[in-house]
Protein chains: 2
Amino acid sequence: MLKLYSESPKHYVAVDCIIFGYDITDKELKLLLIKRSFDPAKGKWSLSGGFVEENEDIDSAATRVLGTLTGLSDLFMEQLGTYGSVDRDPGARVISVAYYSLIGIHEINTEKQEQNGAHWRSISAIPALIFDHDKMVKAALAELLHKVKTQPVGFELLPEKFTLVQLQELYEAVYQRKIDKRNFRKKILSMNLLEKLDEKEKQTSKKGAYYYRFNEEKYKAFKRNGFFFNLDVN
Amino acid sequence: MLKLYSESPKHYVAVDCIIFGYDITDKELKLLLIKRSFDPAKGKWSLSGGFVEENEDIDSAATRVLGTLTGLSDLFMEQLGTYGSVDRDPGARVISVAYYSLIGIHEINTEKQEQNGAHWRSISAIPALIFDHDKMVKAALAELLHKVKTQPVGFELLPEKFTLVQLQELYEAVYQRKIDKRNFRKKILSMNLLEKLDEKEKQTSKKGAYYYRFNEEKYKAFKRNGFFFNLDVN
DNA sequence: CCAAAAGTGTTTTCTCTACACCCATGT
DNA sequence: ACATGGGTGTAGAGAAAACACTTTTGG
């Protein structure tokens with residue numbers, strides 16, 4: 001570093017959130033997108049974002065944006081990367097730090113969101129997005145695919161209680177392919193991270209499917225002993 | 001985004017480079033660190049960095065910093081993440097985008113570097129670093145470990161011609177453990193990414209070890225056909 | 001001729017894959 | 001009693017791990 005701080009230029013810094021949601025009923029992975037309400041690119045689809053304030057950590061800015069849109073806090077969220085091409089935003093030079101987060105669509109009031117100009121769109125039919133947001137979404141999807149294989153984040157997209165069928169459907173929605181039922185169950189159950197409950201889900205079948213719950217404590221304990229989550233099934 | 005651009009604050013944005021180097025002779029993975037020449041934290045060890053200029057992409061800023069220090073261009077470099085806590089730099093609020101890069105120590109003039117206050121330090125004995133640079137290094141190391149397993153980046157740390165022994169020693173330095181020679185060779189050679197040369201390296205043994213070269217073109221072709229590099233050996 | 005490092009295969013173990021039938025229950 | 005979705009095990013293939021001796025050659 002040759003220059004003094006004061007001799008260096010300052011930049012607008014924004015956060016953009018790639019919000020993944022899973023809908024247990026229509027079994028689709030979705031993205032929360034907004035219709036932009038101001039120029040430039042007013043009326044176009046975009047990720048939701050916001051500027052980083054003076055005395056605000058970047059992570060906090062992302063949490064704030066996410067909270068404003070969903071009304072939820074304590075969601076899974078992770079930094080994806082920073083997009084800093086000079087011309088990425090035609091309005092001004094804005095550096096954007098992208099975050100992705102996972103939320104269960106069942107948890108939130110979808111109608112209220114749509115009033116705010118936010119809409120859930122299936123990842124199989126994402127509209128064109130402004131600026132480099134397509135690039136961000138593409139990167140986030142790649143990251144998500146890797147993440148669900150190597151860390152137990154799939155549960156973030158489901159309600160606390162879920163059936164193995166629902167868990168498998170989630171993985172199928174993310175991978176976009178069918179998974180062998182027996183191999184999937186064998187593998188996930190062999191990790192000993194799920195607790196079988198006495199309760200059954202009876203809406204979708206007469207027999208009913210047992211509910212399970214992810215045990216965070218067990219996972220932490222296993223991890224301390226060098227265990228790695230791995231759910232790469234055929 | 002509720003605010004207009006002009007109502008939002010601007011921030012100093014810097015890049016910091018985690019520069020990994022591998023020394024073929026002492027078989028150690030190293031980091032290029034500098035003794036900071038100005039306040040705050042003058043005289044302390046730090047990563048090399050620099051501010052992002054007005055009309056400069058962030059990636060370009062990182063390339064520039066790396067070039068200034070090493071005199072090299074076209075090096076392997078990738079974004080690691082952005083560090084944006086308000087108080088991370090006591091001098092001012094500076095948002096830092098961290099990059100890591102891989103270079104062969106043999107390629108550069110080490111003496112010239114040391115004159116610039118830059119020093120290669122083994123990763124097994126990294127001094128305390130300023131600000132959150134320790135955190136960056138830790139993250140970069142984790143990323144590197146993952147990267148060398150899943151992408152052919154190890155070659156970036158070696159000269160163009162290298163022996164299989166040298167390649168294995170590099171992986172041993174990165175993983176910090178011994179690897180089985182026969183399994184390692186079997187696996188890397190079965191990928192068909194290395195070309196055996198007619199030349200032998202004769203400094204370290206009487207018999208001499210054949211030189212190999214990484215074939216970038218083959219790798220690209222294989223990748224197009226869905227091949228994934230994987231070098232996870234015991 | 002011998003020290004020192006390079007090079008080379010096989011067996012065993014484990015993990016991944018493929019695959020089909022019975023079970024429970026509401027109507 | 002039957003239709004519907006839930007739940008279960010095993011055999012074969014392929015990948016990973018363990019392991020020790022022969023080759024070459026400069027001094």
# chains A, B, ... in the order shown; residues from 1 in each chain; ligands from 1
$ residues_around --residues "D:DG26" --least-positions-apart "3" --cutoff "12 Å" --atoms "only C-alpha atoms (C1' of nucleotides)" --output "PyMOL selection string"
(chain B and resi 202-208) or (chain C and resi 1-4)
$ write_last_selection --atoms "N, CA, C and O atoms (P, O5', C5', C4', C3', O3' and C1' of nucleotides)" --output "compact mmCIF listing (two decimals), in the first residue's frame"
# COMPACT_ATOMS: atom_id res chain seq x y z
N LYS B 202 18.24 -34.81 -12.80
CA LYS B 202 19.30 -35.66 -12.26
C LYS B 202 20.01 -35.08 -11.03
O LYS B 202 20.99 -35.65 -10.56
N GLN B 203 19.51 -33.97 -10.52
CA GLN B 203 20.18 -33.39 -9.36
C GLN B 203 19.98 -34.23 -8.10
O GLN B 203 20.88 -34.41 -7.30
N THR B 204 18.77 -34.69 -7.92
CA THR B 204 18.44 -35.31 -6.62
C THR B 204 18.67 -36.81 -6.56
O THR B 204 18.57 -37.39 -5.50
N SER B 205 18.93 -37.43 -7.72
CA SER B 205 19.20 -38.87 -7.65
C SER B 205 20.08 -39.30 -8.80
O SER B 205 20.18 -38.61 -9.82
N LYS B 206 20.73 -40.41 -8.61
CA LYS B 206 21.61 -40.93 -9.65
C LYS B 206 20.82 -41.50 -10.81
O LYS B 206 21.16 -41.31 -11.97
N LYS B 207 19.75 -42.15 -10.46
CA LYS B 207 18.91 -42.74 -11.50
C LYS B 207 18.26 -41.64 -12.34
O LYS B 207 18.15 -41.76 -13.55
N GLY B 208 17.83 -40.59 -11.66
CA GLY B 208 17.12 -39.52 -12.35
C GLY B 208 15.64 -39.81 -12.48
O GLY B 208 15.24 -40.97 -12.60
P DC C 1 31.57 -56.43 -7.54
O5' DC C 1 30.96 -56.25 -6.09
C5' DC C 1 31.67 -55.56 -5.05
C4' DC C 1 30.84 -54.39 -4.59
C3' DC C 1 29.33 -54.72 -4.53
O3' DC C 1 28.72 -54.04 -3.44
C1' DC C 1 29.65 -52.80 -5.80
P DC C 2 29.00 -54.41 -1.89
O5' DC C 2 28.40 -53.15 -1.10
C5' DC C 2 29.09 -51.89 -1.13
C4' DC C 2 28.10 -50.74 -1.33
C3' DC C 2 26.64 -51.10 -0.99
O3' DC C 2 25.97 -49.96 -0.44
C1' DC C 2 26.73 -50.22 -3.11
P DA C 3 26.01 -49.72 1.16
O5' DA C 3 25.56 -48.19 1.30
C5' DA C 3 26.42 -47.15 0.81
C4' DA C 3 25.60 -46.10 0.08
C3' DA C 3 24.23 -45.80 0.69
O3' DA C 3 24.08 -44.38 0.70
C1' DA C 3 23.96 -46.35 -1.59
P DA C 4 22.88 -43.68 1.51
O5' DA C 4 22.22 -42.71 0.44
C5' DA C 4 22.76 -42.60 -0.89
C4' DA C 4 21.65 -42.16 -1.83
C3' DA C 4 20.28 -41.97 -1.16
O3' DA C 4 19.60 -40.91 -1.83
C1' DA C 4 20.10 -43.63 -2.80
$ interface_residues --of "chain D" --to "chain B" --cutoff "12 Å" --atoms "only C-alpha atoms (C1' of nucleotides)" --output "number ranges by chain"
D: 15-20, 23-27
$ write_last_selection --atoms "N, CA, C and O atoms (P, O5', C5', C4', C3', O3' and C1' of nucleotides)" --output "JSON list (two decimals), in the first residue's frame"
[["chain", "number", "residue", "atom", "x", "y", "z"],
["D", 15, "DA", "P", -14.40, -46.92, -11.14],
["D", 15, "DA", "O5'", -14.04, -46.39, -9.67],
["D", 15, "DA", "C5'", -15.05, -45.87, -8.81],
["D", 15, "DA", "C4'", -14.48, -45.73, -7.42],
["D", 15, "DA", "C3'", -13.08, -45.11, -7.39],
["D", 15, "DA", "O3'", -13.06, -44.18, -6.32],
["D", 15, "DA", "C1'", -13.05, -47.23, -6.32],
["D", 16, "DA", "P", -11.77, -43.31, -6.00],
["D", 16, "DA", "O5'", -11.23, -43.97, -4.65],
["D", 16, "DA", "C5'", -12.09, -44.04, -3.52],
["D", 16, "DA", "C4'", -11.39, -44.77, -2.39],
["D", 16, "DA", "C3'", -10.01, -44.25, -2.04],
["D", 16, "DA", "O3'", -9.96, -44.13, -0.63],
["D", 16, "DA", "C1'", -9.90, -46.58, -2.54],
["D", 17, "DA", "P", -8.67, -43.59, 0.12],
["D", 17, "DA", "O5'", -7.99, -44.95, 0.62],
["D", 17, "DA", "C5'", -8.68, -45.75, 1.57],
["D", 17, "DA", "C4'", -7.85, -46.98, 1.88],
["D", 17, "DA", "C3'", -6.42, -46.70, 2.33],
["D", 17, "DA", "O3'", -6.25, -47.33, 3.59],
["D", 17, "DA", "C1'", -6.45, -48.31, 0.55],
["D", 18, "DA", "P", -4.92, -47.02, 4.44],
["D", 18, "DA", "O5'", -4.09, -48.38, 4.27],
["D", 18, "DA", "C5'", -4.76, -49.63, 4.51],
["D", 18, "DA", "C4'", -3.86, -50.74, 4.01],
["D", 18, "DA", "C3'", -2.38, -50.56, 4.36],
["D", 18, "DA", "O3'", -1.93, -51.73, 5.03],
["D", 18, "DA", "C1'", -2.66, -51.08, 2.05],
["D", 19, "DC", "P", -0.53, -51.66, 5.85],
["D", 19, "DC", "O5'", 0.45, -52.39, 4.82],
["D", 19, "DC", "C5'", 0.01, -53.60, 4.19],
["D", 19, "DC", "C4'", 0.90, -53.89, 3.03],
["D", 19, "DC", "C3'", 2.36, -53.40, 3.20],
["D", 19, "DC", "O3'", 3.26, -54.45, 2.94],
["D", 19, "DC", "C1'", 1.52, -52.82, 1.09],
["D", 20, "DA", "P", 4.78, -54.28, 3.45],
["D", 20, "DA", "O5'", 5.44, -55.50, 2.63],
["D", 20, "DA", "C5'", 4.92, -55.87, 1.37],
["D", 20, "DA", "C4'", 6.04, -55.93, 0.35],
["D", 20, "DA", "C3'", 7.46, -56.04, 0.90],
["D", 20, "DA", "O3'", 8.14, -57.00, 0.11],
["D", 20, "DA", "C1'", 7.35, -54.29, -0.63],
["D", 23, "DT", "P", 14.86, -55.87, -11.65],
["D", 23, "DT", "O5'", 14.97, -54.30, -11.77],
["D", 23, "DT", "C5'", 13.90, -53.57, -12.41],
["D", 23, "DT", "C4'", 14.35, -52.14, -12.59],
["D", 23, "DT", "C3'", 15.71, -52.01, -13.29],
["D", 23, "DT", "O3'", 15.56, -51.03, -14.31],
["D", 23, "DT", "C1'", 15.72, -50.82, -11.25],
["D", 24, "DT", "P", 16.63, -50.90, -15.45],
["D", 24, "DT", "O5'", 17.50, -49.66, -15.00],
["D", 24, "DT", "C5'", 16.93, -48.35, -15.04],
["D", 24, "DT", "C4'", 17.83, -47.44, -14.25],
["D", 24, "DT", "C3'", 19.26, -47.37, -14.78],
["D", 24, "DT", "O3'", 19.40, -46.10, -15.38],
["D", 24, "DT", "C1'", 19.17, -47.45, -12.39],
["D", 25, "DT", "P", 20.59, -45.74, -16.34],
["D", 25, "DT", "O5'", 21.64, -45.15, -15.31],
["D", 25, "DT", "C5'", 21.27, -44.03, -14.51],
["D", 25, "DT", "C4'", 22.31, -43.82, -13.45],
["D", 25, "DT", "C3'", 23.75, -43.99, -13.94],
["D", 25, "DT", "O3'", 24.53, -42.94, -13.40],
["D", 25, "DT", "C1'", 23.43, -45.19, -11.99],
["D", 26, "DG", "P", 25.22, -41.87, -14.38],
["D", 26, "DG", "O5'", 25.89, -40.89, -13.31],
["D", 26, "DG", "C5'", 25.08, -40.34, -12.27],
["D", 26, "DG", "C4'", 25.88, -40.27, -10.98],
["D", 26, "DG", "C3'", 27.34, -39.89, -11.15],
["D", 26, "DG", "O3'", 27.65, -38.95, -10.12],
["D", 26, "DG", "C1'", 27.17, -42.03, -10.07],
["D", 27, "DG", "P", 29.03, -38.28, -9.96],
["D", 27, "DG", "O5'", 29.71, -39.17, -8.82],
["D", 27, "DG", "C5'", 29.16, -39.13, -7.50],
["D", 27, "DG", "C4'", 29.87, -40.19, -6.66],
["D", 27, "DG", "C3'", 31.39, -40.06, -6.68],
["D", 27, "DG", "O3'", 31.89, -39.88, -5.36],
["D", 27, "DG", "C1'", 30.70, -42.31, -7.09]]
$ closest_atom_pairs --of "chain A" --to "chain B" --cutoff "7 Å" --atoms "only C-alpha atoms" --output "tab-separated table"
residue	atom	partner	partner_atom	distance
A:Met1	CA	B:Gly50	CA	4.7
A:Ser8	CA	B:Phe51	CA	6.6
A:Pro9	CA	B:Glu54	CA	6.0
A:Lys10	CA	B:Tyr12	CA	4.6
A:His11	CA	B:Lys10	CA	4.7
A:Tyr12	CA	B:Lys10	CA	4.6
A:Val13	CA	B:Lys10	CA	6.8
A:Ser48	CA	B:Met1	CA	6.8
A:Gly49	CA	B:Met1	CA	5.5
A:Gly50	CA	B:Met1	CA	4.6
A:Phe51	CA	B:Ser8	CA	6.6
A:Glu53	CA	B:Pro9	CA	6.1
A:Glu54	CA	B:Pro9	CA	6.0
A:Asn55	CA	B:Val86	CA	6.1
A:Glu56	CA	B:Val86	CA	6.2
A:Asp57	CA	B:Ser85	CA	4.5
A:Ile58	CA	B:Gly84	CA	5.1
A:Gly81	CA	B:Gly81	CA	5.8
A:Thr82	CA	B:Thr82	CA	6.8
A:Gly84	CA	B:Ile58	CA	5.1
A:Ser85	CA	B:Asp57	CA	4.5
A:Val86	CA	B:Asp57	CA	5.2
$ write_last_selection --atoms "N, CA, C and O atoms" --output "mmCIF file, in the first residue's frame"
data_model
loop_
_atom_site.group_PDB
_atom_site.id
_atom_site.type_symbol
_atom_site.label_atom_id
_atom_site.label_comp_id
_atom_site.auth_asym_id
_atom_site.auth_seq_id
_atom_site.Cartn_x
_atom_site.Cartn_y
_atom_site.Cartn_z
ATOM 1 N N MET A 1 0.860 -1.194 0.000
ATOM 2 C CA MET A 1 0.000 0.000 0.000
ATOM 3 C C MET A 1 0.885 1.228 0.000
ATOM 4 O O MET A 1 1.586 1.511 0.968
ATOM 5 N N SER A 8 -7.072 8.166 -1.326
ATOM 6 C CA SER A 8 -7.721 7.137 -2.123
ATOM 7 C C SER A 8 -9.199 7.440 -2.317
ATOM 8 O O SER A 8 -9.829 8.064 -1.473
ATOM 9 N N PRO A 9 -9.750 6.994 -3.442
ATOM 10 C CA PRO A 9 -11.153 7.286 -3.735
ATOM 11 C C PRO A 9 -12.080 6.403 -2.908
ATOM 12 O O PRO A 9 -11.684 5.348 -2.438
ATOM 13 N N LYS A 10 -13.295 6.842 -2.761
ATOM 14 C CA LYS A 10 -14.307 6.043 -2.081
ATOM 15 C C LYS A 10 -15.345 5.580 -3.093
ATOM 16 O O LYS A 10 -15.490 6.165 -4.164
ATOM 17 N N HIS A 11 -16.043 4.518 -2.716
ATOM 18 C CA HIS A 11 -16.981 3.891 -3.660
ATOM 19 C C HIS A 11 -18.311 3.576 -2.983
ATOM 20 O O HIS A 11 -18.356 3.295 -1.789
ATOM 21 N N TYR A 12 -19.353 3.586 -3.786
ATOM 22 C CA TYR A 12 -20.619 3.044 -3.294
ATOM 23 C C TYR A 12 -20.452 1.542 -3.137
ATOM 24 O O TYR A 12 -19.894 0.880 -4.020
ATOM 25 N N VAL A 13 -20.926 1.023 -2.023
ATOM 26 C CA VAL A 13 -20.879 -0.425 -1.820
ATOM 27 C C VAL A 13 -22.282 -0.900 -1.476
ATOM 28 O O VAL A 13 -22.924 -0.357 -0.574
ATOM 29 N N SER A 48 -32.878 -8.431 -4.639
ATOM 30 C CA SER A 48 -33.089 -7.321 -3.715
ATOM 31 C C SER A 48 -31.758 -6.955 -3.084
ATOM 32 O O SER A 48 -30.936 -7.811 -2.765
ATOM 33 N N GLY A 49 -31.562 -5.676 -2.949
ATOM 34 C CA GLY A 49 -30.278 -5.209 -2.440
ATOM 35 C C GLY A 49 -30.432 -3.923 -1.679
ATOM 36 O O GLY A 49 -31.546 -3.462 -1.408
ATOM 37 N N GLY A 50 -29.296 -3.373 -1.323
ATOM 38 C CA GLY A 50 -29.312 -2.097 -0.604
ATOM 39 C C GLY A 50 -27.888 -1.637 -0.388
ATOM 40 O O GLY A 50 -26.947 -2.436 -0.464
ATOM 41 N N PHE A 51 -27.748 -0.362 -0.131
ATOM 42 C CA PHE A 51 -26.406 0.166 0.079
ATOM 43 C C PHE A 51 -25.902 -0.111 1.487
ATOM 44 O O PHE A 51 -26.698 -0.191 2.434
ATOM 45 N N GLU A 53 -24.344 1.059 4.772
ATOM 46 C CA GLU A 53 -24.334 2.358 5.442
ATOM 47 C C GLU A 53 -22.985 2.636 6.113
ATOM 48 O O GLU A 53 -22.114 1.758 6.195
ATOM 49 N N GLU A 54 -22.873 3.851 6.580
ATOM 50 C CA GLU A 54 -21.618 4.338 7.156
ATOM 51 C C GLU A 54 -21.078 3.444 8.276
ATOM 52 O O GLU A 54 -19.930 3.008 8.250
ATOM 53 N N ASN A 55 -21.919 3.175 9.255
ATOM 54 C CA ASN A 55 -21.436 2.405 10.399
ATOM 55 C C ASN A 55 -22.081 1.035 10.471
ATOM 56 O O ASN A 55 -22.544 0.591 11.516
ATOM 57 N N GLU A 56 -22.069 0.382 9.354
ATOM 58 C CA GLU A 56 -22.751 -0.899 9.246
ATOM 59 C C GLU A 56 -21.793 -1.921 8.659
ATOM 60 O O GLU A 56 -21.198 -1.680 7.603
ATOM 61 N N ASP A 57 -21.634 -3.064 9.325
ATOM 62 C CA ASP A 57 -20.855 -4.153 8.745
ATOM 63 C C ASP A 57 -21.551 -4.609 7.461
ATOM 64 O O ASP A 57 -22.766 -4.481 7.341
ATOM 65 N N ILE A 58 -20.768 -5.180 6.562
ATOM 66 C CA ILE A 58 -21.398 -5.634 5.317
ATOM 67 C C ILE A 58 -22.372 -6.770 5.603
ATOM 68 O O ILE A 58 -23.476 -6.810 5.060
ATOM 69 N N GLY A 81 -19.756 -13.636 -3.064
ATOM 70 C CA GLY A 81 -18.629 -13.029 -3.752
ATOM 71 C C GLY A 81 -18.929 -11.573 -4.023
ATOM 72 O O GLY A 81 -20.052 -11.111 -3.814
ATOM 73 N N THR A 82 -17.915 -10.875 -4.495
ATOM 74 C CA THR A 82 -18.066 -9.445 -4.714
ATOM 75 C C THR A 82 -17.892 -9.129 -6.182
ATOM 76 O O THR A 82 -16.978 -9.642 -6.826
ATOM 77 N N GLY A 84 -17.296 -6.310 -8.888
ATOM 78 C CA GLY A 84 -16.746 -4.963 -8.840
ATOM 79 C C GLY A 84 -16.286 -4.383 -10.158
ATOM 80 O O GLY A 84 -15.413 -3.518 -10.177
ATOM 81 N N SER A 85 -16.882 -4.822 -11.273
ATOM 82 C CA SER A 85 -16.529 -4.193 -12.547
ATOM 83 C C SER A 85 -17.003 -2.747 -12.533
ATOM 84 O O SER A 85 -18.067 -2.442 -12.005
ATOM 85 N N VAL A 86 -16.205 -1.906 -13.123
ATOM 86 C CA VAL A 86 -16.504 -0.475 -13.105
ATOM 87 C C VAL A 86 -17.889 -0.180 -13.692
ATOM 88 O O VAL A 86 -18.650 0.626 -13.155
#
$ residues_around --residues "D:DC2" --least-positions-apart "4" --cutoff "12 Å" --atoms "only C-alpha atoms (C1' of nucleotides)" --output "count of residues only"
3
$ interface_residues --of "chain C" --to "chain A" --cutoff "12 Å" --atoms "only C-alpha atoms (C1' of nucleotides)" --output "PDB file with N, CA and C atoms (P, O5', C5', C4', C3', O3' and C1' of nucleotides), in the first residue's frame"
ATOM      1  P    DT C  15     -16.945 -47.309   3.875  1.00  0.00           P
ATOM      2  O5'  DT C  15     -17.406 -46.614   2.505  1.00  0.00           O
ATOM      3  C5'  DT C  15     -16.427 -46.177   1.555  1.00  0.00           C
ATOM      4  C4'  DT C  15     -17.087 -46.074   0.190  1.00  0.00           C
ATOM      5  C3'  DT C  15     -18.515 -45.559   0.226  1.00  0.00           C
ATOM      6  O3'  DT C  15     -18.615 -44.563  -0.784  1.00  0.00           O
ATOM      7  C1'  DT C  15     -18.422 -47.571  -1.003  1.00  0.00           C
ATOM      8  P    DC C  16     -19.939 -43.739  -1.032  1.00  0.00           P
ATOM      9  O5'  DC C  16     -20.459 -44.344  -2.404  1.00  0.00           O
ATOM     10  C5'  DC C  16     -19.584 -44.324  -3.537  1.00  0.00           C
ATOM     11  C4'  DC C  16     -20.269 -45.026  -4.700  1.00  0.00           C
ATOM     12  C3'  DC C  16     -21.694 -44.542  -4.976  1.00  0.00           C
ATOM     13  O3'  DC C  16     -21.765 -44.267  -6.367  1.00  0.00           O
ATOM     14  C1'  DC C  16     -21.665 -46.906  -4.703  1.00  0.00           C
ATOM     15  P    DT C  17     -23.104 -43.709  -7.020  1.00  0.00           P
ATOM     16  O5'  DT C  17     -23.807 -45.022  -7.560  1.00  0.00           O
ATOM     17  C5'  DT C  17     -23.209 -45.753  -8.632  1.00  0.00           C
ATOM     18  C4'  DT C  17     -24.006 -47.012  -8.881  1.00  0.00           C
ATOM     19  C3'  DT C  17     -25.482 -46.763  -9.214  1.00  0.00           C
ATOM     20  O3'  DT C  17     -25.680 -47.191 -10.550  1.00  0.00           O
ATOM     21  C1'  DT C  17     -25.201 -48.562  -7.645  1.00  0.00           C
ATOM     22  P    DA C  18     -27.006 -46.747 -11.357  1.00  0.00           P
ATOM     23  O5'  DA C  18     -27.757 -48.147 -11.478  1.00  0.00           O
ATOM     24  C5'  DA C  18     -27.015 -49.345 -11.663  1.00  0.00           C
ATOM     25  C4'  DA C  18     -27.868 -50.527 -11.256  1.00  0.00           C
ATOM     26  C3'  DA C  18     -29.369 -50.347 -11.521  1.00  0.00           C
ATOM     27  O3'  DA C  18     -29.821 -51.458 -12.270  1.00  0.00           O
ATOM     28  C1'  DA C  18     -29.003 -51.082  -9.289  1.00  0.00           C
ATOM     29  P    DC C  19     -31.244 -51.404 -13.030  1.00  0.00           P
ATOM     30  O5'  DC C  19     -32.135 -52.282 -12.027  1.00  0.00           O
ATOM     31  C5'  DC C  19     -31.630 -53.522 -11.556  1.00  0.00           C
ATOM     32  C4'  DC C  19     -32.473 -53.987 -10.410  1.00  0.00           C
ATOM     33  C3'  DC C  19     -33.952 -53.546 -10.501  1.00  0.00           C
ATOM     34  O3'  DC C  19     -34.790 -54.638 -10.204  1.00  0.00           O
ATOM     35  C1'  DC C  19     -33.099 -53.064  -8.398  1.00  0.00           C
ATOM     36  P    DA C  20     -36.325 -54.622 -10.700  1.00  0.00           P
ATOM     37  O5'  DA C  20     -36.866 -55.980 -10.058  1.00  0.00           O
ATOM     38  C5'  DA C  20     -36.300 -56.484  -8.858  1.00  0.00           C
ATOM     39  C4'  DA C  20     -37.356 -56.556  -7.771  1.00  0.00           C
ATOM     40  C3'  DA C  20     -38.804 -56.679  -8.260  1.00  0.00           C
ATOM     41  O3'  DA C  20     -39.427 -57.711  -7.520  1.00  0.00           O
ATOM     42  C1'  DA C  20     -38.650 -54.996  -6.664  1.00  0.00           C
ATOM     43  P    DC C  23     -45.904 -57.621   4.400  1.00  0.00           P
ATOM     44  O5'  DC C  23     -46.049 -56.052   4.580  1.00  0.00           O
ATOM     45  C5'  DC C  23     -44.920 -55.302   5.032  1.00  0.00           C
ATOM     46  C4'  DC C  23     -45.410 -53.939   5.492  1.00  0.00           C
ATOM     47  C3'  DC C  23     -46.724 -53.985   6.272  1.00  0.00           C
ATOM     48  O3'  DC C  23     -46.599 -53.050   7.329  1.00  0.00           O
ATOM     49  C1'  DC C  23     -46.976 -52.612   4.346  1.00  0.00           C
ATOM     50  P    DA C  24     -47.498 -53.145   8.604  1.00  0.00           P
ATOM     51  O5'  DA C  24     -48.448 -51.892   8.432  1.00  0.00           O
ATOM     52  C5'  DA C  24     -47.879 -50.596   8.486  1.00  0.00           C
ATOM     53  C4'  DA C  24     -48.913 -49.631   7.974  1.00  0.00           C
ATOM     54  C3'  DA C  24     -50.271 -49.744   8.649  1.00  0.00           C
ATOM     55  O3'  DA C  24     -50.499 -48.493   9.275  1.00  0.00           O
ATOM     56  C1'  DA C  24     -50.499 -49.655   6.277  1.00  0.00           C
ATOM     57  P    DT C  25     -51.739 -48.229  10.207  1.00  0.00           P
ATOM     58  O5'  DT C  25     -52.747 -47.631   9.122  1.00  0.00           O
ATOM     59  C5'  DT C  25     -52.382 -46.438   8.446  1.00  0.00           C
ATOM     60  C4'  DT C  25     -53.421 -46.142   7.399  1.00  0.00           C
ATOM     61  C3'  DT C  25     -54.862 -46.282   7.902  1.00  0.00           C
ATOM     62  O3'  DT C  25     -55.531 -45.112   7.523  1.00  0.00           O
ATOM     63  C1'  DT C  25     -54.621 -47.336   5.852  1.00  0.00           C
ATOM     64  P    DG C  26     -56.495 -44.344   8.499  1.00  0.00           P
ATOM     65  O5'  DG C  26     -57.283 -43.452   7.424  1.00  0.00           O
ATOM     66  C5'  DG C  26     -56.543 -42.867   6.360  1.00  0.00           C
ATOM     67  C4'  DG C  26     -57.441 -42.704   5.144  1.00  0.00           C
ATOM     68  C3'  DG C  26     -58.896 -42.397   5.446  1.00  0.00           C
ATOM     69  O3'  DG C  26     -59.297 -41.376   4.544  1.00  0.00           O
ATOM     70  C1'  DG C  26     -58.740 -44.462   4.219  1.00  0.00           C
ATOM     71  P    DT C  27     -60.783 -40.912   4.404  1.00  0.00           P
ATOM     72  O5'  DT C  27     -61.320 -41.850   3.242  1.00  0.00           O
ATOM     73  C5'  DT C  27     -60.847 -41.694   1.909  1.00  0.00           C
ATOM     74  C4'  DT C  27     -61.571 -42.682   1.003  1.00  0.00           C
ATOM     75  C3'  DT C  27     -63.087 -42.622   1.143  1.00  0.00           C
ATOM     76  O3'  DT C  27     -63.661 -42.358  -0.128  1.00  0.00           O
ATOM     77  C1'  DT C  27     -62.307 -44.870   1.233  1.00  0.00           C
TER      78       DT C  27
END
$ select_by_dssp --residues "stretch 35-193 of chain A" --states "helix (DSSP H, G or I)" --output "MDAnalysis selection string"
chainID A and resid 58:70 105:107 110:115 123:125 133:150 154:157 164:175 181:190
$ atom_distance --atom1 "atom CA of A:Gln176" --atom2 "atom CA of A:Arg121"
15.6 Å
$ residues_around --residues "A:Phe155" --least-positions-apart "3" --cutoff "9 Å" --atoms "only C-alpha atoms (C1' of nucleotides)" --output "PyMOL selection string"
chain A and resi 104+152+158-160+162+167+213-214
$ write_last_selection --atoms "N, CA and C atoms" --output "compact mmCIF listing (two decimals), in the first residue's frame"
# COMPACT_ATOMS: atom_id res chain seq x y z
N GLY A 104 -37.35 -21.39 4.15
CA GLY A 104 -38.50 -22.23 3.83
C GLY A 104 -39.66 -21.33 3.46
N PRO A 152 -25.05 -29.79 5.95
CA PRO A 152 -26.47 -30.05 6.16
C PRO A 152 -27.30 -28.78 6.10
N LEU A 158 -36.51 -26.45 4.70
CA LEU A 158 -37.69 -27.24 5.09
C LEU A 158 -38.22 -26.78 6.43
N PRO A 159 -39.47 -27.14 6.74
CA PRO A 159 -39.97 -26.87 8.09
C PRO A 159 -39.19 -27.73 9.09
N GLU A 160 -39.35 -27.45 10.34
CA GLU A 160 -38.56 -28.18 11.34
C GLU A 160 -38.85 -29.68 11.27
N PHE A 162 -40.12 -32.77 9.01
CA PHE A 162 -40.28 -33.11 7.60
C PHE A 162 -40.20 -34.61 7.46
N LEU A 167 -37.71 -34.58 2.20
CA LEU A 167 -36.28 -34.27 2.13
C LEU A 167 -35.72 -34.70 0.78
N ARG A 213 -36.62 -34.94 12.36
CA ARG A 213 -36.11 -33.62 12.72
C ARG A 213 -34.59 -33.68 12.65
N PHE A 214 -33.98 -32.63 12.16
CA PHE A 214 -32.52 -32.56 12.11
C PHE A 214 -31.98 -32.19 13.48
$ atom_distance --atom1 "atom CA of A:Gly117" --atom2 "atom CA of A:Lys35"
5.6 Å
$ residues_around --residues "B:Glu199" --least-positions-apart "3" --cutoff "9 Å" --atoms "only C-alpha atoms (C1' of nucleotides)" --output "PyMOL selection string"
chain B and resi 196+209-212
